[in-house]
file data-v2.csv (CSV, C-alpha atoms (C1' of nucleotides))
chain,number,residue,atom,x,y,z
T,30,MET,CA,73.6,74.3,-185.2
T,31,ALA,CA,70.1,74.3,-183.8
T,32,ARG,CA,71.7,74.2,-180.3
T,33,GLN,CA,72.8,77.8,-180.8
T,34,SER,CA,69.3,79.0,-180.4
T,35,HIS,CA,69.3,77.6,-176.8
T,36,ILE,CA,72.3,79.5,-175.7
T,37,LYS,CA,71.5,81.8,-172.7
T,38,LEU,CA,72.8,85.3,-172.5
T,39,GLU,CA,75.0,84.4,-169.6
T,40,GLU,CA,76.8,81.8,-171.6
T,41,LEU,CA,77.9,84.5,-174.1
T,42,ALA,CA,78.7,87.0,-171.4
T,43,GLU,CA,81.6,87.1,-168.9
T,44,PRO,CA,84.3,86.2,-171.4
T,45,LEU,CA,87.0,87.3,-169.0
T,46,GLU,CA,85.7,85.8,-165.7
T,47,GLU,CA,84.1,82.5,-166.6
T,48,ALA,CA,85.4,81.5,-170.0
T,49,ARG,CA,89.0,82.6,-170.5
T,50,LEU,CA,91.5,83.8,-168.1
T,51,ALA,CA,94.7,85.5,-169.2
T,52,PHE,CA,97.4,82.8,-168.7
T,53,GLU,CA,100.4,85.0,-169.6
T,54,LYS,CA,102.7,82.2,-170.6
T,55,LEU,CA,101.8,79.9,-167.7
T,56,ASP,CA,100.6,77.5,-170.3
T,57,GLY,CA,103.8,77.7,-172.2
T,58,LEU,CA,105.7,76.2,-169.2
T,59,LEU,CA,106.8,72.6,-169.7
T,60,GLY,CA,106.4,72.0,-166.0
T,61,TYR,CA,102.8,73.3,-166.0
T,62,ARG,CA,101.8,71.3,-169.1
T,63,LEU,CA,103.4,68.2,-167.7
T,64,ARG,CA,101.6,68.6,-164.4
T,65,ARG,CA,98.2,69.1,-166.1
T,66,ALA,CA,98.7,66.2,-168.4
T,67,GLN,CA,99.6,63.9,-165.5
T,68,ALA,CA,96.7,65.1,-163.5
T,69,SER,CA,94.4,64.3,-166.4
T,70,MET,CA,95.8,60.8,-166.9
T,71,HIS,CA,95.7,60.3,-163.1
T,72,ARG,CA,92.1,61.1,-162.9
T,73,ASP,CA,91.3,58.7,-165.8
T,74,TYR,CA,93.4,56.1,-164.1
T,75,MET,CA,91.5,56.4,-160.8
T,76,ALA,CA,88.2,56.2,-162.6
T,77,THR,CA,89.4,53.2,-164.6
T,78,VAL,CA,90.4,51.2,-161.6
T,79,ALA,CA,87.6,52.4,-159.3
T,80,GLY,CA,86.5,49.6,-157.0
T,81,LEU,CA,89.9,47.9,-157.0
T,82,ASP,CA,91.3,50.7,-154.8
T,83,LEU,CA,94.8,50.7,-156.0
T,84,THR,CA,96.7,54.0,-156.6
T,85,GLN,CA,99.3,54.3,-159.3
T,86,LYS,CA,102.1,53.7,-156.9
T,87,GLN,CA,100.5,50.8,-155.2
T,88,THR,CA,100.0,49.2,-158.6
T,89,ALA,CA,103.5,49.9,-159.7
T,90,THR,CA,104.7,48.3,-156.5
T,91,LEU,CA,102.6,45.2,-157.0
T,92,TRP,CA,103.8,45.1,-160.6
T,93,LEU,CA,107.5,45.1,-159.7
T,94,VAL,CA,107.1,42.7,-156.9
T,95,HIS,CA,105.3,40.3,-159.2
T,96,ALA,CA,108.0,40.7,-161.9
T,97,ASN,CA,110.8,40.3,-159.3
T,98,PRO,CA,109.7,37.9,-156.6
T,99,GLY,CA,111.6,38.4,-153.4
T,100,VAL,CA,112.9,41.9,-154.1
T,101,SER,CA,113.8,44.0,-151.2
T,102,GLN,CA,111.7,47.0,-150.2
T,103,GLY,CA,114.6,49.3,-150.9
T,104,SER,CA,115.1,48.0,-154.4
T,105,VAL,CA,111.5,48.6,-155.3
T,106,ALA,CA,111.7,52.1,-153.8
T,107,ALA,CA,114.8,52.9,-155.8
T,108,ALA,CA,113.4,51.5,-159.0
T,109,LEU,CA,110.3,53.7,-158.6
T,110,GLY,CA,112.1,56.7,-157.4
T,111,MET,CA,110.7,56.8,-153.9
T,112,ASP,CA,112.4,57.0,-150.6
T,113,ARG,CA,112.4,54.3,-148.0
T,114,ALA,CA,109.9,56.0,-145.8
T,115,THR,CA,107.3,56.4,-148.6
T,116,MET,CA,107.8,52.8,-149.7
T,117,MET,CA,107.3,51.7,-146.2
T,118,SER,CA,103.8,53.1,-145.9
T,119,ILE,CA,102.9,51.7,-149.3
T,120,VAL,CA,104.0,48.2,-148.4
T,121,ASP,CA,102.3,48.6,-145.0
T,122,ARG,CA,99.0,49.3,-146.7
T,123,LEU,CA,99.4,46.5,-149.2
T,124,GLU,CA,100.3,44.1,-146.4
T,125,ASP,CA,97.3,45.2,-144.4
T,126,ARG,CA,95.2,44.2,-147.3
T,127,SER,CA,97.0,40.9,-147.6
T,128,LEU,CA,98.2,41.7,-151.2
T,129,VAL,CA,101.9,41.3,-150.4
T,130,ILE,CA,103.9,39.6,-147.6
T,131,ARG,CA,107.2,40.6,-146.1
T,132,LYS,CA,109.7,37.8,-145.6
T,133,ARG,CA,113.0,38.4,-143.8
T,134,SER,CA,115.9,37.4,-146.0
T,135,VAL,CA,118.0,34.5,-144.8
T,136,THR,CA,121.2,35.7,-146.5
T,137,ASP,CA,120.8,39.3,-145.3
T,138,ARG,CA,118.6,39.6,-142.3
T,139,ARG,CA,118.2,43.4,-142.7
T,140,ARG,CA,116.2,42.9,-145.8
T,141,GLN,CA,112.5,42.2,-146.3
T,142,GLU,CA,111.8,40.1,-149.3
T,143,LEU,CA,108.5,41.0,-150.9
T,144,HIS,CA,106.2,38.5,-152.5
T,145,LEU,CA,102.6,38.7,-153.8
T,146,THR,CA,99.9,36.7,-152.1
T,147,PRO,CA,97.4,34.9,-154.4
T,148,GLY,CA,95.1,37.8,-153.7
T,149,GLY,CA,97.8,40.2,-154.8
T,150,GLN,CA,98.3,38.3,-158.0
T,151,ASP,CA,94.6,38.3,-158.6
T,152,ILE,CA,94.1,42.0,-158.1
T,153,LEU,CA,97.2,42.7,-160.2
T,154,ARG,CA,95.8,40.7,-163.1
T,155,LYS,CA,92.5,42.7,-162.9
T,156,VAL,CA,94.2,46.1,-162.7
T,157,LYS,CA,96.5,45.3,-165.6
T,158,ALA,CA,93.5,44.4,-167.7
T,159,ARG,CA,91.8,47.8,-166.9
T,160,ILE,CA,95.1,49.7,-167.4
T,161,ALA,CA,95.4,48.2,-170.9
T,162,LYS,CA,92.2,50.0,-171.9
T,163,HIS,CA,93.1,53.2,-170.1
T,164,GLU,CA,96.5,53.2,-171.8
T,165,GLU,CA,94.9,52.5,-175.2
T,166,ARG,CA,92.5,55.5,-174.8
T,167,PHE,CA,95.5,57.8,-174.4
T,168,LYS,CA,97.9,56.2,-176.7
T,169,SER,CA,95.4,56.3,-179.5
T,170,LEU,CA,95.7,60.0,-179.5
T,171,PHE,CA,99.0,59.6,-181.2
T,172,THR,CA,100.6,57.9,-184.2
T,173,PRO,CA,103.1,55.2,-183.4
T,174,GLN,CA,105.9,57.6,-184.3
T,175,GLU,CA,104.5,60.4,-182.1
T,176,LEU,CA,104.1,58.0,-179.2
T,177,GLU,CA,107.6,56.8,-179.5
T,178,LEU,CA,108.9,60.4,-179.5
T,179,LEU,CA,106.7,61.2,-176.6
T,180,LEU,CA,107.8,58.3,-174.5
T,181,ALA,CA,111.5,59.1,-175.3
T,182,ALA,CA,111.0,62.7,-174.4
T,183,LEU,CA,109.4,61.8,-171.0
T,184,GLN,CA,112.2,59.5,-170.2
T,185,LYS,CA,114.7,62.2,-171.1
T,186,ILE,CA,113.0,64.5,-168.6
T,187,GLN,CA,113.0,61.8,-166.0
T,188,ASN,CA,116.7,61.2,-166.3
T,189,ALA,CA,117.6,64.9,-166.6
O,1,MET,CA,140.1,53.5,-166.3
O,2,ALA,CA,142.3,53.4,-163.2
O,3,ARG,CA,139.1,53.4,-161.2
O,4,GLN,CA,138.2,49.9,-162.3
O,5,SER,CA,141.0,48.6,-160.0
O,6,HIS,CA,139.1,50.0,-157.1
O,7,ILE,CA,135.8,48.3,-157.8
O,8,LYS,CA,134.7,46.1,-155.0
O,9,LEU,CA,133.3,42.6,-155.5
O,10,GLU,CA,130.0,43.7,-154.2
O,11,GLU,CA,129.7,46.4,-156.9
O,12,LEU,CA,129.9,43.9,-159.6
O,13,ALA,CA,127.5,41.4,-158.0
O,14,GLU,CA,123.8,41.7,-157.4
O,15,PRO,CA,122.9,42.7,-160.9
O,16,LEU,CA,119.3,41.6,-160.3
O,17,GLU,CA,118.7,43.1,-156.9
O,18,GLU,CA,120.4,46.4,-156.8
O,19,ALA,CA,121.0,47.4,-160.4
O,20,ARG,CA,118.2,46.3,-162.7
O,21,LEU,CA,114.8,45.0,-161.8
O,22,ALA,CA,112.6,43.4,-164.4
O,23,PHE,CA,110.0,46.0,-165.4
O,24,GLU,CA,107.9,43.9,-167.6
O,25,LYS,CA,106.4,46.7,-169.7
O,26,LEU,CA,105.7,48.9,-166.7
O,27,ASP,CA,108.1,51.4,-168.3
O,28,GLY,CA,106.2,51.2,-171.5
O,29,LEU,CA,103.1,52.7,-170.0
O,30,LEU,CA,102.4,56.2,-170.9
O,31,GLY,CA,100.9,56.9,-167.5
O,32,TYR,CA,104.0,55.6,-165.7
O,33,ARG,CA,106.4,57.6,-167.9
O,34,LEU,CA,104.3,60.7,-167.5
O,35,ARG,CA,104.3,60.3,-163.7
O,36,ARG,CA,108.0,59.7,-163.5
O,37,ALA,CA,108.8,62.7,-165.7
O,38,GLN,CA,106.5,64.9,-163.7
O,39,ALA,CA,108.0,63.7,-160.4
O,40,SER,CA,111.5,64.5,-161.8
O,41,MET,CA,110.5,68.1,-162.9
O,42,HIS,CA,108.6,68.6,-159.6
O,43,ARG,CA,111.7,67.7,-157.6
O,44,ASP,CA,113.8,70.1,-159.6
O,45,TYR,CA,111.2,72.8,-159.3
O,46,MET,CA,111.1,72.4,-155.5
O,47,ALA,CA,114.9,72.6,-155.4
O,48,THR,CA,114.9,75.6,-157.7
O,49,VAL,CA,112.4,77.6,-155.6
O,50,ALA,CA,113.8,76.5,-152.3
O,51,GLY,CA,113.5,79.2,-149.7
O,52,LEU,CA,110.5,80.9,-151.4
O,53,ASP,CA,108.3,78.1,-150.2
O,54,LEU,CA,105.9,78.0,-153.0
O,55,THR,CA,104.5,74.8,-154.5
O,56,GLN,CA,103.6,74.5,-158.2
O,57,LYS,CA,100.0,75.1,-157.5
O,58,GLN,CA,100.5,78.0,-155.2
O,59,THR,CA,102.7,79.6,-157.8
O,60,ALA,CA,100.2,78.9,-160.5
O,61,THR,CA,97.5,80.5,-158.4
O,62,LEU,CA,99.6,83.6,-157.8
O,63,TRP,CA,100.4,83.7,-161.5
O,64,LEU,CA,96.8,83.7,-162.5
O,65,VAL,CA,95.6,86.2,-159.9
O,66,HIS,CA,98.4,88.5,-161.0
O,67,ALA,CA,97.4,88.1,-164.7
O,68,ASN,CA,93.7,88.5,-163.8
O,69,PRO,CA,93.3,90.9,-160.9
O,70,GLY,CA,90.0,90.4,-159.1
O,71,VAL,CA,89.3,86.9,-160.5
O,72,SER,CA,87.1,84.8,-158.3
O,73,GLN,CA,88.4,81.8,-156.5
O,74,GLY,CA,86.2,79.5,-158.5
O,75,SER,CA,87.5,80.8,-161.8
O,76,VAL,CA,91.1,80.2,-160.8
O,77,ALA,CA,90.2,76.7,-159.6
O,78,ALA,CA,88.5,75.9,-162.9
O,79,ALA,CA,91.3,77.3,-164.9
O,80,LEU,CA,93.8,75.2,-163.1
O,81,GLY,CA,91.6,72.1,-163.0
O,82,MET,CA,91.1,72.0,-159.2
O,83,ASP,CA,88.0,71.7,-157.2
O,84,ARG,CA,86.7,74.4,-154.9
O,85,ALA,CA,87.8,72.7,-151.7
O,86,THR,CA,91.4,72.4,-152.9
O,87,MET,CA,91.5,75.9,-154.1
O,88,MET,CA,90.1,77.0,-150.8
O,89,SER,CA,93.0,75.6,-148.8
O,90,ILE,CA,95.5,77.0,-151.3
O,91,VAL,CA,94.1,80.5,-151.0
O,92,ASP,CA,93.9,80.1,-147.3
O,93,ARG,CA,97.6,79.4,-147.1
O,94,LEU,CA,98.5,82.3,-149.5
O,95,GLU,CA,96.3,84.6,-147.5
O,96,ASP,CA,97.8,83.5,-144.2
O,97,ARG,CA,101.1,84.5,-145.7
O,98,SER,CA,99.7,87.8,-146.8
O,99,LEU,CA,100.5,87.1,-150.5
O,100,VAL,CA,96.9,87.5,-151.7
O,101,ILE,CA,93.8,89.1,-150.3
O,102,ARG,CA,90.1,88.1,-150.6
O,103,LYS,CA,87.7,90.9,-151.4
O,104,ARG,CA,83.9,90.3,-151.5
O,105,SER,CA,82.6,91.3,-154.9
O,106,VAL,CA,80.1,94.1,-154.8
O,107,THR,CA,78.3,92.9,-157.9
O,108,ASP,CA,77.9,89.3,-156.7
O,109,ARG,CA,78.4,89.0,-153.0
O,110,ARG,CA,78.9,85.2,-153.2
O,111,ARG,CA,82.2,85.8,-154.9
O,112,GLN,CA,85.6,86.5,-153.4
O,113,GLU,CA,87.8,88.6,-155.7
O,114,LEU,CA,91.4,87.8,-155.4
O,115,HIS,CA,94.2,90.3,-155.6
O,116,LEU,CA,98.0,90.1,-155.0
O,117,THR,CA,99.4,92.1,-152.2
O,118,PRO,CA,102.7,93.9,-152.8
O,119,GLY,CA,104.4,91.0,-151.1
O,120,GLY,CA,102.6,88.6,-153.4
O,121,GLN,CA,103.8,90.5,-156.4
O,122,ASP,CA,107.3,90.5,-155.1
O,123,ILE,CA,107.5,86.8,-154.4
O,124,LEU,CA,105.9,86.1,-157.8
O,125,ARG,CA,108.6,88.1,-159.5
O,126,LYS,CA,111.3,86.1,-157.7
O,127,VAL,CA,109.7,82.8,-158.4
O,128,LYS,CA,109.2,83.6,-162.1
O,129,ALA,CA,112.9,84.4,-162.4
O,130,ARG,CA,113.9,81.1,-160.9
O,131,ILE,CA,111.4,79.2,-162.9
O,132,ALA,CA,112.8,80.6,-166.1
O,133,LYS,CA,116.1,78.9,-165.4
O,134,HIS,CA,114.4,75.7,-164.3
O,135,GLU,CA,112.4,75.6,-167.5
O,136,GLU,CA,115.5,76.3,-169.6
O,137,ARG,CA,117.3,73.4,-168.1
O,138,PHE,CA,114.5,71.0,-169.2
O,139,LYS,CA,113.6,72.7,-172.5
O,140,SER,CA,117.2,72.6,-173.6
O,141,LEU,CA,116.9,68.8,-173.7
O,142,PHE,CA,114.9,69.3,-176.9
O,143,THR,CA,115.1,71.0,-180.2
O,144,PRO,CA,112.4,73.7,-180.8
O,145,GLN,CA,110.5,71.3,-183.0
O,146,GLU,CA,110.6,68.5,-180.5
O,147,LEU,CA,109.6,70.9,-177.8
O,148,GLU,CA,106.6,72.1,-179.7
O,149,LEU,CA,105.5,68.5,-180.4
O,150,LEU,CA,105.9,67.6,-176.8
O,151,LEU,CA,103.9,70.6,-175.5
O,152,ALA,CA,101.2,69.8,-178.1
O,153,ALA,CA,101.1,66.2,-177.0
O,154,LEU,CA,100.8,67.1,-173.4
O,155,GLN,CA,98.0,69.4,-174.1
O,156,LYS,CA,96.3,66.7,-176.1
O,157,ILE,CA,96.5,64.4,-173.1
O,158,GLN,CA,95.2,67.1,-170.8
O,159,ASN,CA,92.1,67.6,-173.0
O,160,ALA,CA,91.5,64.0,-173.6
S,4,DC,C1',56.6,88.5,-157.8
S,5,DG,C1',58.0,84.4,-155.3
S,6,DC,C1',59.8,80.0,-155.0
S,7,DA,C1',63.0,76.4,-156.7
S,8,DA,C1',67.4,75.5,-158.5
S,9,DA,C1',72.0,76.6,-159.2
S,10,DT,C1',76.3,78.9,-157.8
S,11,DA,C1',80.3,80.5,-154.7
S,12,DG,C1',82.4,79.9,-150.9
S,13,DT,C1',83.2,77.6,-146.4
S,14,DA,C1',84.0,73.9,-142.9
S,15,DT,C1',85.4,69.3,-141.9
S,16,DG,C1',87.3,64.9,-142.5
S,17,DT,C1',89.8,61.1,-145.0
S,18,DT,C1',93.4,59.4,-147.8
S,19,DT,C1',97.7,59.4,-150.2
S,20,DC,C1',102.1,60.8,-150.8
S,21,DA,C1',106.9,63.2,-150.1
S,22,DC,C1',110.2,64.3,-147.1
S,23,DA,C1',112.8,64.8,-142.8
S,24,DT,C1',114.7,62.9,-138.7
S,25,DA,C1',116.0,59.5,-135.6
S,26,DC,C1',116.8,54.8,-134.3
S,27,DA,C1',118.0,49.7,-134.2
S,28,DA,C1',119.7,45.6,-136.2
S,29,DA,C1',122.6,43.6,-139.4
S,30,DC,C1',126.4,43.8,-142.3
S,31,DA,C1',130.9,45.4,-144.5
S,32,DA,C1',135.5,47.4,-144.4
S,33,DC,C1',139.7,48.1,-142.5
C,13,DG,C1',136.6,44.1,-133.4
C,14,DT,C1',135.6,48.7,-133.9
C,15,DT,C1',133.8,52.0,-137.3
C,16,DG,C1',130.8,53.2,-140.8
C,17,DT,C1',127.1,51.9,-143.9
C,18,DT,C1',122.9,49.8,-145.3
C,19,DT,C1',117.9,48.3,-144.4
C,20,DG,C1',114.1,48.7,-142.4
C,21,DT,C1',111.2,51.0,-139.0
C,22,DA,C1',108.8,54.8,-136.3
C,23,DT,C1',107.1,59.4,-136.1
C,24,DG,C1',105.8,63.8,-137.5
C,25,DT,C1',104.8,67.6,-140.9
C,26,DG,C1',102.9,69.4,-144.9
C,27,DA,C1',100.6,69.5,-149.5
C,28,DA,C1',97.1,68.1,-152.2
C,29,DA,C1',92.7,65.5,-154.0
C,30,DC,C1',88.3,64.4,-153.0
C,31,DA,C1',83.9,63.9,-150.6
C,32,DT,C1',80.1,65.8,-148.1
C,33,DA,C1',77.4,69.0,-146.1
C,34,DC,C1',76.1,73.7,-145.0
C,35,DT,C1',75.2,78.9,-145.8
C,36,DA,C1',74.5,82.9,-148.4
C,37,DT,C1',73.4,84.7,-152.6
C,38,DT,C1',71.8,84.9,-157.2
C,39,DT,C1',69.3,83.2,-161.2
C,40,DG,C1',65.6,81.0,-163.6
C,41,DC,C1',61.0,80.3,-164.4
C,42,DG,C1',56.2,79.7,-163.8
call {"tool": "encode", "arguments": {"input": "data-v2.csv", "output": "structure tokens"}}
result
Amino acid sequence: MARQSHIKLEELAEPLEEARLAFEKLDGLLGYRLRRAQASMHRDYMATVAGLDLTQKQTATLWLVHANPGVSQGSVAAALGMDRATMMSIVDRLEDRSLVIRKRSVTDRRRQELHLTPGGQDILRKVKARIAKHEERFKSLFTPQELELLLAALQKIQNA
Amino acid sequence: MARQSHIKLEELAEPLEEARLAFEKLDGLLGYRLRRAQASMHRDYMATVAGLDLTQKQTATLWLVHANPGVSQGSVAAALGMDRATMMSIVDRLEDRSLVIRKRSVTDRRRQELHLTPGGQDILRKVKARIAKHEERFKSLFTPQELELLLAALQKIQNA
DNA sequence: CGCAAATAGTATGTTTCACATACAAACAAC
DNA sequence: GTTGTTTGTATGTGAAACATACTATTTGCG
């Protein structure tokens, strides 16, 4: 209330330029809304895990390798919806940081079996703990029913 | 039915490696689901507008400039949640392709007023037509009520 | 008024990721 | 055993996010 008396003239002016642009249905597009929501969560994610230096995809890769010791690069790529080349560079970076190791498969020597190093397991534990809070911040925006519907809707879109 | 007789041994084996990885709650994360859904729509978007060579952000920029002739770069950036540097490179590319023009403002010579060229208006019209079908494909996954809830939820996340 | 602070745009560089293409080694199918 | 497929690898391109620093301009305030 009292704050209104501090409002400068400029803050009340320029309603078109500074405050509100005409969106003309752009904000009614599912693709647009999805992208903005993702960007918002991504920013919060990056702030949440700051210092650990793990992107969402790097974390997802560590996560799956931990849950499936010895998986091949290709399987992880397929499970996460990335192509081999992209997975390659992700694993390269994780291996450079000694978070995962590649091990040639003995049954199929084309394959690289992926395993977490102790350091990889350690950082995964830390990032999981931080993600839990980050997730809670966003999930708490919704009731359990709303959340379930939202997750189901997102999966539907993913599989469309 | 008859196809089952053609199934190779290999297609039945490797249930762990090829078919289903353990996800251990990764797929219960809102951030993960959101990212996968966005990636899916993004891929479909790119396929939909193939040949026009406009990314989502480039299109959104054209869209807002068209709806708000003469907006400043910074306003568009703020409206779309990008920083100045990112907006800069987007406008650079659009200007290189002669889809938008920059015009120094006469009332505030720091500002660049953005306008669509005829070519920019033309390509925007085309991309809008294609986006309509792309949007319809995904929106038709939901009932009107579900869709409204979904859009509201995404906006909530964006503003969190 | 005049100077300090804020603002708009610009330039530059780093990092991540998606995708395309091409290639080699290993394996599978017939 | 040759042919075709799969797995990983190498290489290059392009989009985008972000950080930092710099200039020009405008605004705020004493």
call {"tool": "interface_residues", "arguments": {"input": "data-v2.csv", "of": "chain T", "to": "chain C", "cutoff": "10 Å", "atoms": "all atoms listed in the file", "output": "JSON, numbers by chain"}}
result
{"T": [72, 101, 102, 103, 113, 114, 117, 137, 138, 139, 140, 141]}
call {"tool": "atom_distance", "arguments": {"input": "data-v2.csv", "atom1": "CA of Val129 (chain T)", "atom2": "CA of Arg20 (chain O)"}}
result
21.0 Å
call {"tool": "residues_around", "arguments": {"input": "data-v2.csv", "residues": "Asp53 (chain O)", "least_positions_apart": "3", "cutoff": "12 Å", "atoms": "only C-alpha atoms (C1' of nucleotides)", "output": "MDAnalysis selection string"}}
result
(chainID O and resid 45:50 56:59 93:94 97 99 123:124 126:127) or (chainID C and resid 26:27)
call {"tool": "write_last_selection", "arguments": {"input": "data-v2.csv", "atoms": "C-alpha atoms (C1' of nucleotides)", "output": "short mmCIF file (atom, residue, chain, number, x, y, z; two decimals), in the frame of the given file"}}
result
data_model
loop_
_atom_site.label_atom_id
_atom_site.label_comp_id
_atom_site.auth_asym_id
_atom_site.auth_seq_id
_atom_site.Cartn_x
_atom_site.Cartn_y
_atom_site.Cartn_z
CA TYR O 45 111.20 72.80 -159.30
CA MET O 46 111.10 72.40 -155.50
CA ALA O 47 114.90 72.60 -155.40
CA THR O 48 114.90 75.60 -157.70
CA VAL O 49 112.40 77.60 -155.60
CA ALA O 50 113.80 76.50 -152.30
CA GLN O 56 103.60 74.50 -158.20
CA LYS O 57 100.00 75.10 -157.50
CA GLN O 58 100.50 78.00 -155.20
CA THR O 59 102.70 79.60 -157.80
CA ARG O 93 97.60 79.40 -147.10
CA LEU O 94 98.50 82.30 -149.50
CA ARG O 97 101.10 84.50 -145.70
CA LEU O 99 100.50 87.10 -150.50
CA ILE O 123 107.50 86.80 -154.40
CA LEU O 124 105.90 86.10 -157.80
CA LYS O 126 111.30 86.10 -157.70
CA VAL O 127 109.70 82.80 -158.40
"C1'" DG C 26 102.90 69.40 -144.90
"C1'" DA C 27 100.60 69.50 -149.50
#
call {"tool": "interface_residues", "arguments": {"input": "data-v2.csv", "of": "chain S", "to": "chain O", "cutoff": "12 Å", "atoms": "all atoms listed in the file", "output": "list in words"}}
result
DT10, DA11, DG12, DT13, DA14, DT15, DC20, DA21, DC22, DA31 and DA32 of chain S
call {"tool": "interface_residues", "arguments": {"input": "data-v2.csv", "of": "chain O", "to": "chain T", "cutoff": "6 Å", "atoms": "only C-alpha atoms", "output": "CSV table (one decimal) with C-alpha atoms, in the frame of the given file"}}
result
chain,number,residue,atom,x,y,z
O,22,ALA,CA,112.6,43.4,-164.4
O,36,ARG,CA,108.0,59.7,-163.5
O,37,ALA,CA,108.8,62.7,-165.7
O,40,SER,CA,111.5,64.5,-161.8
O,67,ALA,CA,97.4,88.1,-164.7
O,154,LEU,CA,100.8,67.1,-173.4
O,157,ILE,CA,96.5,64.4,-173.1
O,158,GLN,CA,95.2,67.1,-170.8
call {"tool": "atom_distance", "arguments": {"input": "data-v2.csv", "atom1": "CA of Pro118 (chain O)", "atom2": "CA of Thr61 (chain O)"}}
result
15.4 Å
call {"tool": "atom_distance", "arguments": {"input": "data-v2.csv", "atom1": "CA of Val91 (chain O)", "atom2": "CA of Arg125 (chain O)"}}
result
18.4 Å
